[in-house]
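What follows is data-v9.cif (mmCIF, C-alpha atoms).
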```cif
data_target
#
loop_
_atom_site.label_atom_id
_atom_site.label_comp_id
_atom_site.auth_asym_id
_atom_site.auth_seq_id
_atom_site.Cartn_x
_atom_site.Cartn_y
_atom_site.Cartn_z
CA MET A 1 50.54 61.46 -62.19
CA THR A 2 50.43 60.95 -58.40
CA THR A 3 49.59 63.18 -55.50
CA VAL A 4 52.01 63.51 -52.61
CA VAL A 5 51.68 66.02 -49.80
CA GLY A 6 53.98 67.20 -47.03
CA VAL A 7 52.90 69.16 -43.97
CA LYS A 8 55.29 70.57 -41.37
CA CYS A 9 53.85 70.74 -37.85
CA VAL A 10 55.16 72.05 -34.52
CA ASP A 11 55.91 68.58 -33.14
CA GLY A 12 56.80 66.74 -36.33
CA VAL A 13 56.16 66.42 -40.01
CA VAL A 14 53.68 64.47 -42.13
CA LEU A 15 53.89 62.92 -45.60
CA ALA A 16 50.87 61.56 -47.43
CA SER A 17 50.44 59.95 -50.83
CA ASP A 18 47.96 58.15 -53.05
CA ARG A 19 48.70 54.56 -54.19
CA ARG A 20 48.20 54.69 -57.95
CA ALA A 21 50.88 54.10 -60.60
CA SER A 22 49.85 55.08 -64.13
CA LYS A 23 51.02 53.38 -67.30
CA GLY A 24 49.76 55.64 -70.07
CA GLY A 25 45.98 55.60 -69.82
CA MET A 26 46.00 52.46 -67.67
CA ILE A 27 46.34 52.05 -63.94
CA GLY A 28 49.67 50.21 -63.72
CA SER A 29 49.44 49.43 -60.03
CA LYS A 30 46.88 50.02 -57.30
CA SER A 31 49.22 49.51 -54.36
CA VAL A 32 52.42 51.36 -55.15
CA ARG A 33 54.57 52.90 -52.43
CA LYS A 34 55.41 56.57 -52.79
CA ILE A 35 56.75 57.22 -49.29
CA TYR A 36 60.08 55.72 -48.23
CA ALA A 37 62.03 55.98 -44.99
CA LEU A 38 65.67 57.06 -45.43
CA ASP A 39 66.53 56.22 -41.82
CA ASP A 40 64.73 56.37 -38.47
CA ASN A 41 63.88 60.09 -38.62
CA LYS A 42 63.86 61.02 -42.30
CA ALA A 43 61.62 60.01 -45.17
CA VAL A 44 60.89 60.99 -48.75
CA ALA A 45 57.74 61.11 -50.86
CA ILE A 46 58.13 60.76 -54.59
CA ALA A 47 56.32 61.82 -57.77
CA GLY A 48 57.32 61.20 -61.37
CA GLN A 49 59.42 58.41 -62.84
CA LEU A 50 59.35 55.60 -60.26
CA SER A 51 62.59 54.00 -61.44
CA ASP A 52 64.52 57.28 -61.23
CA ALA A 53 63.12 57.95 -57.78
CA ASN A 54 63.92 54.46 -56.48
CA TYR A 55 67.46 54.69 -57.79
CA LEU A 56 67.96 58.11 -56.19
CA ILE A 57 66.58 56.90 -52.87
CA ASN A 58 68.94 53.89 -52.83
CA LEU A 59 71.86 56.15 -53.67
CA VAL A 60 71.01 58.72 -51.00
CA LYS A 61 70.40 56.01 -48.38
CA ALA A 62 73.82 54.50 -49.12
CA GLU A 63 75.66 57.84 -49.11
CA ALA A 64 73.87 58.96 -45.94
CA LYS A 65 74.72 55.71 -44.14
CA LEU A 66 78.37 55.99 -45.19
CA ILE A 67 78.59 59.55 -43.90
CA GLU A 68 76.89 58.50 -40.66
CA LEU A 69 79.34 55.62 -40.12
CA ARG A 70 82.36 57.73 -41.00
CA ARG A 71 81.57 60.76 -38.85
CA GLY A 72 79.57 59.01 -36.14
CA PHE A 73 76.30 60.92 -36.30
CA GLN A 74 73.36 61.17 -38.67
CA LEU A 75 72.74 63.64 -41.47
CA THR A 76 70.39 66.51 -40.75
CA VAL A 77 67.26 66.67 -42.91
CA LYS A 78 68.74 69.61 -44.80
CA GLU A 79 71.94 67.71 -45.49
CA ALA A 80 69.94 64.74 -46.81
CA ALA A 81 67.88 67.06 -49.03
CA LYS A 82 71.05 68.74 -50.35
CA LEU A 83 72.65 65.35 -51.01
CA LEU A 84 69.62 64.37 -53.05
CA SER A 85 69.31 67.65 -54.94
CA ASN A 86 73.02 67.71 -55.80
CA ILE A 87 72.63 64.37 -57.58
CA MET A 88 69.52 65.65 -59.36
CA TYR A 89 71.34 68.85 -60.35
CA SER A 90 74.25 66.90 -61.85
CA GLY A 91 71.70 64.76 -63.73
CA MET A 92 70.10 67.87 -65.19
CA ARG A 93 73.51 69.36 -66.10
CA SER A 94 74.57 66.21 -67.96
CA TYR A 95 71.37 66.10 -70.06
CA ALA A 96 70.17 62.92 -68.29
CA PRO A 97 67.84 64.33 -65.66
CA TYR A 98 66.13 62.26 -62.98
CA VAL A 99 62.51 62.82 -63.93
CA THR A 100 61.12 63.03 -60.43
CA GLU A 101 60.12 65.43 -57.72
CA ILE A 102 60.87 64.47 -54.16
CA LEU A 103 59.66 65.76 -50.80
CA VAL A 104 62.18 65.28 -48.02
CA ALA A 105 60.73 65.33 -44.52
CA GLY A 106 62.21 64.64 -41.13
CA ILE A 107 63.05 65.81 -37.68
CA ASP A 108 66.50 66.69 -36.30
CA GLU A 109 68.15 69.01 -33.73
CA THR A 110 66.78 72.02 -35.60
CA GLY A 111 63.22 70.66 -35.35
CA PRO A 112 60.79 69.37 -37.95
CA ARG A 113 61.88 70.11 -41.53
CA LEU A 114 60.28 69.80 -44.95
CA PHE A 115 62.04 70.31 -48.29
CA GLU A 116 61.04 69.88 -51.89
CA ALA A 117 63.58 68.92 -54.58
CA ASP A 118 62.67 69.18 -58.26
CA VAL A 119 64.09 67.88 -61.55
CA SER A 120 66.55 70.78 -61.84
CA GLY A 121 68.00 70.08 -58.40
CA ALA A 122 66.45 73.16 -56.82
CA ILE A 123 65.42 72.71 -53.20
CA THR A 124 62.95 74.82 -51.36
CA ASP A 125 62.21 74.91 -47.63
CA GLU A 126 58.45 74.52 -47.14
CA GLU A 127 55.76 74.75 -44.45
CA PHE A 128 53.46 72.59 -46.53
CA THR A 129 53.64 71.46 -50.12
CA ALA A 130 52.29 69.05 -52.71
CA THR A 131 53.57 67.64 -55.97
CA GLY A 132 52.39 65.38 -58.77
CA SER A 133 49.45 65.71 -61.18
CA GLY A 134 47.00 66.04 -58.27
CA SER A 135 48.91 68.86 -56.60
CA PRO A 136 46.64 71.71 -57.83
CA MET A 137 43.68 70.11 -56.05
CA ALA A 138 45.77 69.24 -53.01
CA PHE A 139 47.08 72.82 -52.79
CA GLY A 140 43.52 74.09 -52.85
CA LEU A 141 42.75 72.19 -49.70
CA LEU A 142 46.13 72.86 -48.07
CA GLU A 143 45.90 76.65 -48.62
CA GLY A 144 42.53 76.66 -46.89
CA SER A 145 43.22 74.20 -44.09
CA TYR A 146 46.88 74.65 -43.10
CA ARG A 147 47.43 76.70 -39.96
CA GLN A 148 50.75 77.71 -38.40
CA GLY A 149 51.33 75.86 -35.16
CA ILE A 150 49.36 72.82 -36.30
CA LYS A 151 50.01 69.56 -34.41
CA VAL A 152 50.97 66.31 -36.15
CA SER A 153 47.62 64.71 -35.33
CA ASP A 154 45.77 67.50 -37.18
CA GLY A 155 48.50 67.79 -39.83
CA ALA A 156 47.97 64.13 -40.71
CA SER A 157 44.27 64.69 -41.28
CA VAL A 158 44.91 67.82 -43.37
CA ALA A 159 47.46 65.93 -45.48
CA ALA A 160 45.15 62.94 -45.93
CA ARG A 161 42.24 65.21 -46.88
CA ALA A 162 44.43 67.00 -49.43
CA VAL A 163 45.30 63.69 -51.07
CA ARG A 164 41.64 62.64 -50.90
CA ALA A 165 40.57 65.88 -52.66
CA ALA A 166 43.09 65.24 -55.43
CA MET A 167 41.95 61.63 -55.81
CA GLU A 168 38.38 62.88 -56.39
CA ARG A 169 39.29 64.98 -59.44
CA ASP A 170 42.69 63.83 -60.75
CA PRO A 171 42.58 60.66 -62.90
CA GLY A 172 46.29 60.10 -62.16
CA SER A 173 45.70 59.68 -58.43
CA GLY A 174 43.69 57.14 -56.47
CA ASN A 175 43.51 53.69 -54.90
CA GLY A 176 43.93 54.63 -51.26
CA ILE A 177 46.06 56.89 -49.11
CA GLN A 178 49.25 56.26 -47.17
CA VAL A 179 50.27 58.63 -44.38
CA LEU A 180 53.57 58.81 -42.50
CA LYS A 181 53.92 60.81 -39.29
CA ILE A 182 57.48 61.60 -38.15
CA THR A 183 57.90 62.85 -34.59
CA LYS A 184 60.61 62.71 -31.92
CA GLU A 185 59.12 59.38 -30.88
CA GLY A 186 59.73 57.90 -34.32
CA MET A 187 57.69 57.02 -37.38
CA GLU A 188 54.05 56.02 -37.59
CA TRP A 189 52.61 54.60 -40.82
CA MET A 190 48.93 54.64 -41.62
CA ASP A 191 46.92 53.28 -44.56
CA ILE A 192 43.49 54.69 -45.44
CA GLY A 193 41.30 52.99 -48.01
CA GLY A 194 42.38 50.10 -50.10
CA ASN A 195 43.32 48.77 -53.47
CA GLY A 196 39.93 48.58 -55.12
CA GLN A 197 38.91 52.17 -54.44
CA MET B 11 124.69 43.06 -55.83
CA MET B 12 125.40 42.45 -52.20
CA SER B 13 121.91 43.04 -50.88
CA ARG B 14 120.67 40.28 -53.16
CA GLU B 15 122.42 37.73 -51.04
CA PHE B 16 120.25 38.75 -48.11
CA GLY B 17 117.01 39.00 -50.00
CA TYR B 18 116.38 42.61 -48.95
CA GLU B 19 115.81 45.71 -51.05
CA ARG B 20 114.20 44.00 -53.98
CA PRO B 21 110.89 45.07 -55.48
CA PHE B 22 108.08 44.03 -53.15
CA THR B 23 106.49 41.75 -55.68
CA LEU B 24 109.53 39.57 -56.30
CA TYR B 25 109.90 36.20 -54.67
CA THR B 26 112.99 35.26 -52.71
CA PRO B 27 114.87 32.26 -54.13
CA ASP B 28 113.01 30.05 -51.66
CA GLY B 29 109.62 31.32 -52.80
CA ARG B 30 108.71 33.82 -50.07
CA LEU B 31 107.30 37.30 -50.39
CA ILE B 32 109.32 39.12 -47.79
CA GLN B 33 107.37 42.38 -47.75
CA VAL B 34 104.12 40.51 -47.13
CA GLU B 35 105.75 38.69 -44.24
CA TYR B 36 106.89 42.04 -42.85
CA ALA B 37 103.32 43.27 -43.07
CA ALA B 38 102.26 40.24 -41.04
CA GLU B 39 104.99 41.17 -38.56
CA ALA B 40 103.50 44.66 -38.24
CA VAL B 41 100.20 43.01 -37.32
CA ARG B 42 101.96 41.05 -34.55
CA HIS B 43 102.88 44.40 -32.99
CA GLY B 44 99.29 45.64 -33.13
CA SER B 45 96.86 45.59 -30.25
CA PRO B 46 95.07 42.24 -29.98
CA VAL B 47 91.50 41.33 -30.85
CA VAL B 48 89.76 38.09 -29.82
CA GLY B 49 86.72 36.62 -31.59
CA ILE B 50 84.44 33.74 -30.60
CA ARG B 51 81.52 32.14 -32.41
CA GLY B 52 78.83 30.54 -30.27
CA LYS B 53 75.72 28.61 -31.20
CA ASP B 54 73.48 31.60 -31.95
CA PHE B 55 75.88 34.53 -31.91
CA SER B 56 79.41 35.56 -32.71
CA LEU B 57 81.36 38.24 -30.88
CA MET B 58 84.68 40.00 -30.52
CA VAL B 59 86.45 41.83 -27.72
CA THR B 60 89.31 44.28 -27.70
CA ARG B 61 90.77 46.93 -25.45
CA MET B 62 90.52 50.56 -26.43
CA LYS B 63 93.78 52.36 -26.97
CA ASP B 64 94.07 54.20 -23.65
CA THR B 65 97.63 55.25 -22.85
CA ASP B 66 97.36 58.88 -21.81
CA PRO B 67 94.83 60.37 -19.39
CA LEU B 68 94.80 63.56 -21.49
CA ILE B 69 93.85 61.71 -24.66
CA ASN B 70 90.42 60.22 -25.29
CA PRO B 71 90.50 56.42 -25.62
CA VAL B 72 90.32 55.32 -29.24
CA GLU B 73 87.52 52.93 -30.20
CA LYS B 74 88.73 49.89 -32.09
CA ILE B 75 85.52 48.11 -33.06
CA HIS B 76 83.98 49.53 -36.24
CA ILE B 77 80.39 49.11 -37.39
CA VAL B 78 80.43 48.27 -41.10
CA ASP B 79 76.70 47.79 -41.60
CA GLU B 80 73.75 46.92 -39.39
CA ASN B 81 74.78 43.25 -39.37
CA ILE B 82 78.58 43.37 -39.56
CA GLY B 83 81.41 44.68 -37.38
CA MET B 84 85.19 44.62 -37.76
CA ALA B 85 88.21 45.24 -35.57
CA GLY B 86 91.79 45.40 -36.79
CA ALA B 87 95.34 44.97 -35.56
CA GLY B 88 98.25 46.78 -37.19
CA TYR B 89 98.62 50.24 -38.71
CA THR B 90 95.58 52.36 -37.94
CA GLY B 91 95.66 54.05 -41.35
CA ASP B 92 95.64 50.69 -43.11
CA ILE B 93 92.84 49.41 -40.88
CA ASN B 94 90.77 52.52 -41.59
CA LEU B 95 91.28 52.05 -45.32
CA LEU B 96 89.92 48.51 -45.04
CA ILE B 97 86.98 49.53 -42.86
CA ASP B 98 86.02 52.24 -45.33
CA GLU B 99 86.32 49.82 -48.24
CA ALA B 100 84.07 47.38 -46.35
CA ARG B 101 81.47 50.07 -45.65
CA LEU B 102 81.51 51.10 -49.29
CA GLU B 103 81.04 47.51 -50.45
CA ALA B 104 78.17 47.03 -47.98
CA GLN B 105 76.39 50.11 -49.34
CA ARG B 106 77.14 49.16 -52.98
CA HIS B 107 75.37 45.88 -52.25
CA ARG B 108 72.39 47.74 -50.79
CA VAL B 109 72.13 50.09 -53.78
CA VAL B 110 71.94 47.10 -56.12
CA PHE B 111 69.91 44.60 -54.08
CA GLU B 112 68.12 46.71 -51.43
CA ASP B 113 69.27 44.20 -48.79
CA PRO B 114 72.21 44.05 -46.40
CA ILE B 115 75.30 42.22 -47.65
CA ASP B 116 76.13 38.73 -46.35
CA VAL B 117 79.24 38.28 -44.26
CA ARG B 118 80.99 35.89 -46.64
CA SER B 119 80.72 38.32 -49.57
CA ILE B 120 82.13 41.27 -47.68
CA VAL B 121 85.00 39.18 -46.29
CA ASN B 122 85.71 37.94 -49.79
CA HIS B 123 85.78 41.50 -51.10
CA ILE B 124 88.20 42.71 -48.42
CA THR B 125 90.36 39.64 -48.97
CA GLN B 126 90.69 40.41 -52.68
CA PHE B 127 91.27 44.08 -51.93
CA MET B 128 94.20 43.19 -49.65
CA TYR B 129 95.53 40.56 -52.01
CA GLN B 130 96.01 43.14 -54.76
CA PHE B 131 98.57 44.90 -52.55
CA THR B 132 100.75 41.78 -52.65
CA ARG B 133 100.83 41.60 -56.44
CA TYR B 134 101.93 44.97 -57.72
CA SER B 135 105.19 46.84 -57.39
CA GLY B 136 105.00 50.37 -56.08
CA VAL B 137 102.46 49.48 -53.42
CA ARG B 138 103.01 48.37 -49.86
CA PRO B 139 101.12 45.32 -48.54
CA LEU B 140 98.70 46.54 -45.88
CA GLY B 141 100.03 46.14 -42.35
CA ALA B 142 96.67 45.14 -40.98
CA ALA B 143 94.67 42.06 -40.04
CA LEU B 144 90.95 42.05 -39.30
CA ILE B 145 88.55 40.08 -37.17
CA VAL B 146 85.11 40.15 -38.82
CA VAL B 147 81.98 39.33 -36.86
CA GLY B 148 78.62 39.27 -38.57
CA SER B 149 75.20 37.73 -38.77
CA ASP B 150 73.05 37.10 -41.84
CA ARG B 151 70.38 34.70 -43.08
CA THR B 152 73.01 31.98 -43.40
CA GLY B 153 73.91 32.23 -39.70
CA ASN B 154 76.48 33.87 -37.46
CA HIS B 155 80.03 34.17 -38.67
CA LEU B 156 83.55 34.75 -37.42
CA TYR B 157 86.34 35.47 -39.89
CA GLN B 158 89.93 36.57 -39.83
CA ILE B 159 91.65 38.32 -42.74
CA ASP B 160 95.43 38.66 -42.83
CA PRO B 161 97.81 40.84 -44.93
CA MET B 162 98.40 38.19 -47.60
CA GLY B 163 94.69 38.24 -48.39
CA LEU B 164 93.99 35.00 -46.59
CA MET B 165 90.50 34.41 -45.21
CA ILE B 166 90.11 32.17 -42.20
CA SER B 167 86.73 31.15 -40.86
CA GLY B 168 86.44 29.57 -37.44
CA LYS B 169 85.05 29.20 -33.94
CA ALA B 170 87.60 31.16 -31.92
CA MET B 171 90.58 33.20 -33.01
CA ALA B 172 92.87 36.08 -32.09
CA ILE B 173 95.02 38.59 -33.97
CA GLY B 174 97.62 41.13 -32.88
CA MET B 175 100.31 41.27 -30.22
CA ASN B 176 100.87 37.98 -28.35
CA CYS B 177 97.87 36.48 -30.08
CA GLU B 178 99.37 33.00 -29.67
CA ASN B 179 98.85 33.34 -25.88
CA ALA B 180 95.19 34.17 -26.43
CA THR B 181 94.80 31.40 -29.01
CA GLY B 182 96.35 28.91 -26.58
CA MET B 183 93.78 29.78 -23.95
CA LEU B 184 90.93 29.60 -26.49
CA ARG B 185 92.12 26.19 -27.63
CA GLU B 186 91.98 24.91 -24.05
CA GLU B 187 88.69 26.43 -22.93
CA TYR B 188 86.50 26.82 -26.01
CA ARG B 189 83.34 24.69 -26.02
CA GLU B 190 80.66 24.51 -28.72
CA ASP B 191 77.89 25.14 -26.19
CA LEU B 192 79.23 28.40 -24.66
CA ASN B 193 76.39 30.79 -23.89
CA MET B 194 76.89 34.49 -24.58
CA ARG B 195 78.01 35.36 -21.08
CA GLU B 196 80.52 32.51 -20.95
CA ALA B 197 81.82 33.44 -24.39
CA ILE B 198 82.36 37.08 -23.38
CA MET B 199 84.14 35.98 -20.19
CA LEU B 200 86.37 33.54 -22.11
CA ALA B 201 87.14 36.14 -24.78
CA VAL B 202 88.14 38.72 -22.17
CA LYS B 203 90.24 36.12 -20.34
CA ALA B 204 92.00 35.19 -23.58
CA LEU B 205 92.44 38.86 -24.46
CA SER B 206 94.06 39.51 -21.08
CA LYS B 207 96.64 36.83 -21.87
CA ALA B 208 97.71 38.93 -24.84
CA ASP B 209 97.00 42.44 -23.55
CA GLU B 210 97.71 42.94 -19.87
CA SER B 211 96.70 46.61 -19.75
CA ASN B 212 93.53 47.57 -17.92
CA ALA B 213 92.18 49.83 -20.65
CA PRO B 214 88.40 49.62 -21.09
CA VAL B 215 87.13 46.55 -22.96
CA GLU B 216 84.90 46.96 -26.01
CA VAL B 217 82.58 44.14 -27.09
CA GLY B 218 80.99 43.64 -30.52
CA ILE B 219 78.17 41.13 -30.77
CA ALA B 220 76.46 39.79 -33.91
CA ALA B 221 73.21 37.87 -33.62
CA GLU B 222 69.94 37.62 -35.54
CA SER B 223 71.21 39.75 -38.45
CA ARG B 224 72.24 42.62 -36.18
CA PHE B 225 75.63 43.82 -34.98
CA ILE B 226 76.02 46.05 -31.94
CA LYS B 227 79.03 47.26 -30.01
CA MET B 228 79.09 48.21 -26.35
CA ASN B 229 81.28 48.31 -23.26
CA LEU B 230 81.92 45.17 -21.23
CA GLU B 231 79.44 45.98 -18.48
CA ASN B 232 76.56 46.46 -20.92
CA ALA B 233 77.56 43.36 -22.83
CA LEU B 234 77.46 41.23 -19.68
CA ASN B 235 74.12 42.72 -18.63
CA ARG B 236 72.74 42.01 -22.07
CA ALA B 237 74.01 38.44 -21.98
CA ASN B 238 72.08 37.67 -18.79
#
```
Write out the structure in this file as structure tokens.
Amino acid sequence: MTTVVGVKCVDGVVLASDRRASKGGMIGSKSVRKIYALDDNKAVAIAGQLSDANYLINLVKAEAKLIELRRGFQLTVKEAAKLLSNIMYSGMRSYAPYVTEILVAGIDETGPRLFEADVSGAITDEEFTATGSGSPMAFGLLEGSYRQGIKVSDGASVAARAVRAAMERDPGSGNGIQVLKITKEGMEWMDIGGNGQ
Amino acid sequence: MMSREFGYERPFTLYTPDGRLIQVEYAAEAVRHGSPVVGIRGKDFSLMVTRMKDTDPLINPVEKIHIVDENIGMAGAGYTGDINLLIDEARLEAQRHRVVFEDPIDVRSIVNHITQFMYQFTRYSGVRPLGAALIVVGSDRTGNHLYQIDPMGLMISGKAMAIGMNCENATGMLREEYREDLNMREAIMLAVKALSKADESNAPVEVGIAAESRFIKMNLENALNRAN
């Protein structure tokens, strides 16, 4: 279930998600968070088992903070994504996989970055991507609307529209959209639509 | 056995006939040779000051105040390796707490953890008690805190304290001039004055301030500007 979308832009990166949590055929929650900040310039968007994802995020946040304190400077987005995917890989290898797919987005010295980590621990470097049950619909919109050199302001609207498209046709997605813009200036959160939708 | 008469060269964990643990006392002695740290707790803040190790113009000065988490800082006196071990243990414990509770750790809990960690080194043979003492400054929802941890695993909480070389000189000055109603600027000035009683070098001063659930470290000039 879920639709989450990531869009890399020239001046930053955007994550967008729906707000629905499914419990079997029921809507378990209409206001669930699927985008989490790792620190002041990195965030993740999650799909799949919420508990696995939350646990992974806590673990990565702790490990990243320890590394930052020990060496005196923050992890790059790629390092954070690798940290995450290494844990997921070891989960898969020990027959207790973390059943979640995670988009890692952020901005560092190398510019805006977007990665996708899957259950097997594979990470891919993406321009734009989507995951979750609504991703086929989201990809349809992204493939048509994404342009190289897009700015964050337009990227945010493309990402939100992709989630909106998925919410129209995917029963696993709905109940409003959350968007996070990450630029050099910091993070900007935005909520579109509300619980009852 | 001749050495027995003198109480030396016995396993660390054994008591002397008069009930002392000599190796632990030696560890405390190592701390008294370390560079001093002064801590003061005011009404709505707590802070510490120390001088960076700055002995050679060719060598970069070594920072002595360590950020443990967003709300806690520590500075040590004694063997650098031992201090670093404790700082790392504290950082680990702070992050363990976050993984479980998704909130920053409180100062009392982290001090308690480090205290127990150090205490274990006084109980087993084959280990050396850590030659390090710590000043811990932190702020949480229960208020602002100032603690001292010594090699025997003793935790002291208080209003003003000093560790390291000639710390009794600094403590003497603090005892005379400490007031409950010190503002931040006055507290920094008093801490530096007390520190100078123990450490007469003119190496750059580092200040660590905890207030409103945040800990930050900075140089003296920035600290005084901030306090205004």
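Remark: for Tyr36 (chain B), the closest of the candidate residues B:Met228, B:Ile173, B:Leu192, B:Leu140 is B:Leu140 (distances computed over only C-alpha atoms).
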For this session: Could you please give me, as a ChimeraX atom specification, the residues of protein, DNA or RNA lying at most 9 Å from (98.9, 42.1, -46.9) in the coordinate frame of the file, considering all atoms listed in the file?
Result: /B:33-38,128-132,138-143,160-164
Exercise. If you count all atoms listed in the file, which residues fall within 6 Å of region 105-111 of chain A, apart from same-chain ones fewer than 6 positions away, as an MDAnalysis selection string?
Worked result: chainID A and resid 41:43 76:77
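Evaluated against this file, the PyMOL selection byres ((chain A) within 8 of (chain B)) yields Tyr55, Asn58, Leu59, Ala62, Glu63, Lys65, Leu66, Leu69 and Arg70 of chain A.
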Seminar exercise, completed: What separates CA of Val10 (chain A) and CA of Leu103 (chain A) is a distance of 18.0 Å
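Considering only C-alpha atoms, the residue among B:Met183, B:Ile115, B:Met194, B:Val215 positioned nearest to Lys227 (chain B) is B:Val215.
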Exercise. Separation of CA of Ser85 (chain A) and CA of Ile123 (chain A), in Å?
Worked result: 6.6 Å
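Going from CA of Lys184 (chain A) over to CA of Phe115 (chain A), you cover 18.1 Å.
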For this session: Within 9 Å of Gly155 (chain A), counting only C-alpha atoms, which residues show up once you throw out same-chain ones fewer than 2 positions away? Write them as number ranges by chain, please.
Result: A: 7-9, 13-14, 146-147, 150-153, 157-160, 181
Using all atoms listed in the file, find all polymer residues with an atom at most 9 Å away from the point (77.7, 43.2, -38.6); report them as an mmCIF file with C-alpha atoms, keeping the file's coordinate frame.
```
data_model
loop_
_atom_site.group_PDB
_atom_site.id
_atom_site.type_symbol
_atom_site.label_atom_id
_atom_site.label_comp_id
_atom_site.auth_asym_id
_atom_site.auth_seq_id
_atom_site.Cartn_x
_atom_site.Cartn_y
_atom_site.Cartn_z
ATOM 1 C CA ILE B 77 80.390 49.110 -37.390
ATOM 2 C CA VAL B 78 80.430 48.270 -41.100
ATOM 3 C CA ASP B 79 76.700 47.790 -41.600
ATOM 4 C CA GLU B 80 73.750 46.920 -39.390
ATOM 5 C CA ASN B 81 74.780 43.250 -39.370
ATOM 6 C CA ILE B 82 78.580 43.370 -39.560
ATOM 7 C CA GLY B 83 81.410 44.680 -37.380
ATOM 8 C CA MET B 84 85.190 44.620 -37.760
ATOM 9 C CA VAL B 117 79.240 38.280 -44.260
ATOM 10 C CA VAL B 146 85.110 40.150 -38.820
ATOM 11 C CA VAL B 147 81.980 39.330 -36.860
ATOM 12 C CA GLY B 148 78.620 39.270 -38.570
ATOM 13 C CA SER B 149 75.200 37.730 -38.770
ATOM 14 C CA ASP B 150 73.050 37.100 -41.840
ATOM 15 C CA GLY B 218 80.990 43.640 -30.520
ATOM 16 C CA ILE B 219 78.170 41.130 -30.770
ATOM 17 C CA ALA B 220 76.460 39.790 -33.910
ATOM 18 C CA ALA B 221 73.210 37.870 -33.620
ATOM 19 C CA SER B 223 71.210 39.750 -38.450
ATOM 20 C CA ARG B 224 72.240 42.620 -36.180
ATOM 21 C CA PHE B 225 75.630 43.820 -34.980
ATOM 22 C CA ILE B 226 76.020 46.050 -31.940
#
```
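Distance annotation: of B:Gln158, B:Asn70, B:Thr181, B:Thr60, the residue with the minimal separation from Asp209 (chain B) is B:Thr60; atom set is only C-alpha atoms.
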The PyMOL selection byres ((chain A and resi 173) around 9) applied to the shown file, residues as a tab-separated table (two decimals) with C-alpha atoms, in the coordinates of the input:
```tsv
chain	number	residue	atom	x	y	z
A	1	MET	CA	50.54	61.46	-62.19
A	2	THR	CA	50.43	60.95	-58.40
A	3	THR	CA	49.59	63.18	-55.50
A	17	SER	CA	50.44	59.95	-50.83
A	18	ASP	CA	47.96	58.15	-53.05
A	19	ARG	CA	48.70	54.56	-54.19
A	20	ARG	CA	48.20	54.69	-57.95
A	21	ALA	CA	50.88	54.10	-60.60
A	22	SER	CA	49.85	55.08	-64.13
A	132	GLY	CA	52.39	65.38	-58.77
A	133	SER	CA	49.45	65.71	-61.18
A	134	GLY	CA	47.00	66.04	-58.27
A	163	VAL	CA	45.30	63.69	-51.07
A	166	ALA	CA	43.09	65.24	-55.43
A	167	MET	CA	41.95	61.63	-55.81
A	168	GLU	CA	38.38	62.88	-56.39
A	169	ARG	CA	39.29	64.98	-59.44
A	170	ASP	CA	42.69	63.83	-60.75
A	171	PRO	CA	42.58	60.66	-62.90
A	172	GLY	CA	46.29	60.10	-62.16
A	174	GLY	CA	43.69	57.14	-56.47
A	175	ASN	CA	43.51	53.69	-54.90
A	176	GLY	CA	43.93	54.63	-51.26
```
Exercise. So what does the PyMOL selection byres ((chain A and resi 84) around 10) actually pick up in this one, as JSON, numbers by chain?
Worked result: {"A": [56, 57, 59, 60, 61, 63, 64, 78, 79, 80, 81, 82, 83, 85, 86, 87, 88, 89, 102, 104, 117, 118, 121, 123]}
Residues from the last selection, C-alpha atoms, saved as an mmCIF file, in the frame of the given file:
```
data_model
loop_
_atom_site.group_PDB
_atom_site.id
_atom_site.type_symbol
_atom_site.label_atom_id
_atom_site.label_comp_id
_atom_site.auth_asym_id
_atom_site.auth_seq_id
_atom_site.Cartn_x
_atom_site.Cartn_y
_atom_site.Cartn_z
ATOM 1 C CA LEU A 56 67.960 58.110 -56.190
ATOM 2 C CA ILE A 57 66.580 56.900 -52.870
ATOM 3 C CA LEU A 59 71.860 56.150 -53.670
ATOM 4 C CA VAL A 60 71.010 58.720 -51.000
ATOM 5 C CA LYS A 61 70.400 56.010 -48.380
ATOM 6 C CA GLU A 63 75.660 57.840 -49.110
ATOM 7 C CA ALA A 64 73.870 58.960 -45.940
ATOM 8 C CA LYS A 78 68.740 69.610 -44.800
ATOM 9 C CA GLU A 79 71.940 67.710 -45.490
ATOM 10 C CA ALA A 80 69.940 64.740 -46.810
ATOM 11 C CA ALA A 81 67.880 67.060 -49.030
ATOM 12 C CA LYS A 82 71.050 68.740 -50.350
ATOM 13 C CA LEU A 83 72.650 65.350 -51.010
ATOM 14 C CA SER A 85 69.310 67.650 -54.940
ATOM 15 C CA ASN A 86 73.020 67.710 -55.800
ATOM 16 C CA ILE A 87 72.630 64.370 -57.580
ATOM 17 C CA MET A 88 69.520 65.650 -59.360
ATOM 18 C CA TYR A 89 71.340 68.850 -60.350
ATOM 19 C CA ILE A 102 60.870 64.470 -54.160
ATOM 20 C CA VAL A 104 62.180 65.280 -48.020
ATOM 21 C CA ALA A 117 63.580 68.920 -54.580
ATOM 22 C CA ASP A 118 62.670 69.180 -58.260
ATOM 23 C CA GLY A 121 68.000 70.080 -58.400
ATOM 24 C CA ILE A 123 65.420 72.710 -53.200
#
```
Problem set entry | Near-Lys203 (chain B) list (10 Å; only C-alpha atoms; drop same-chain fewer than 5 positions) as number ranges by chain | B: 48, 180, 183-184, 197-198, 208-209
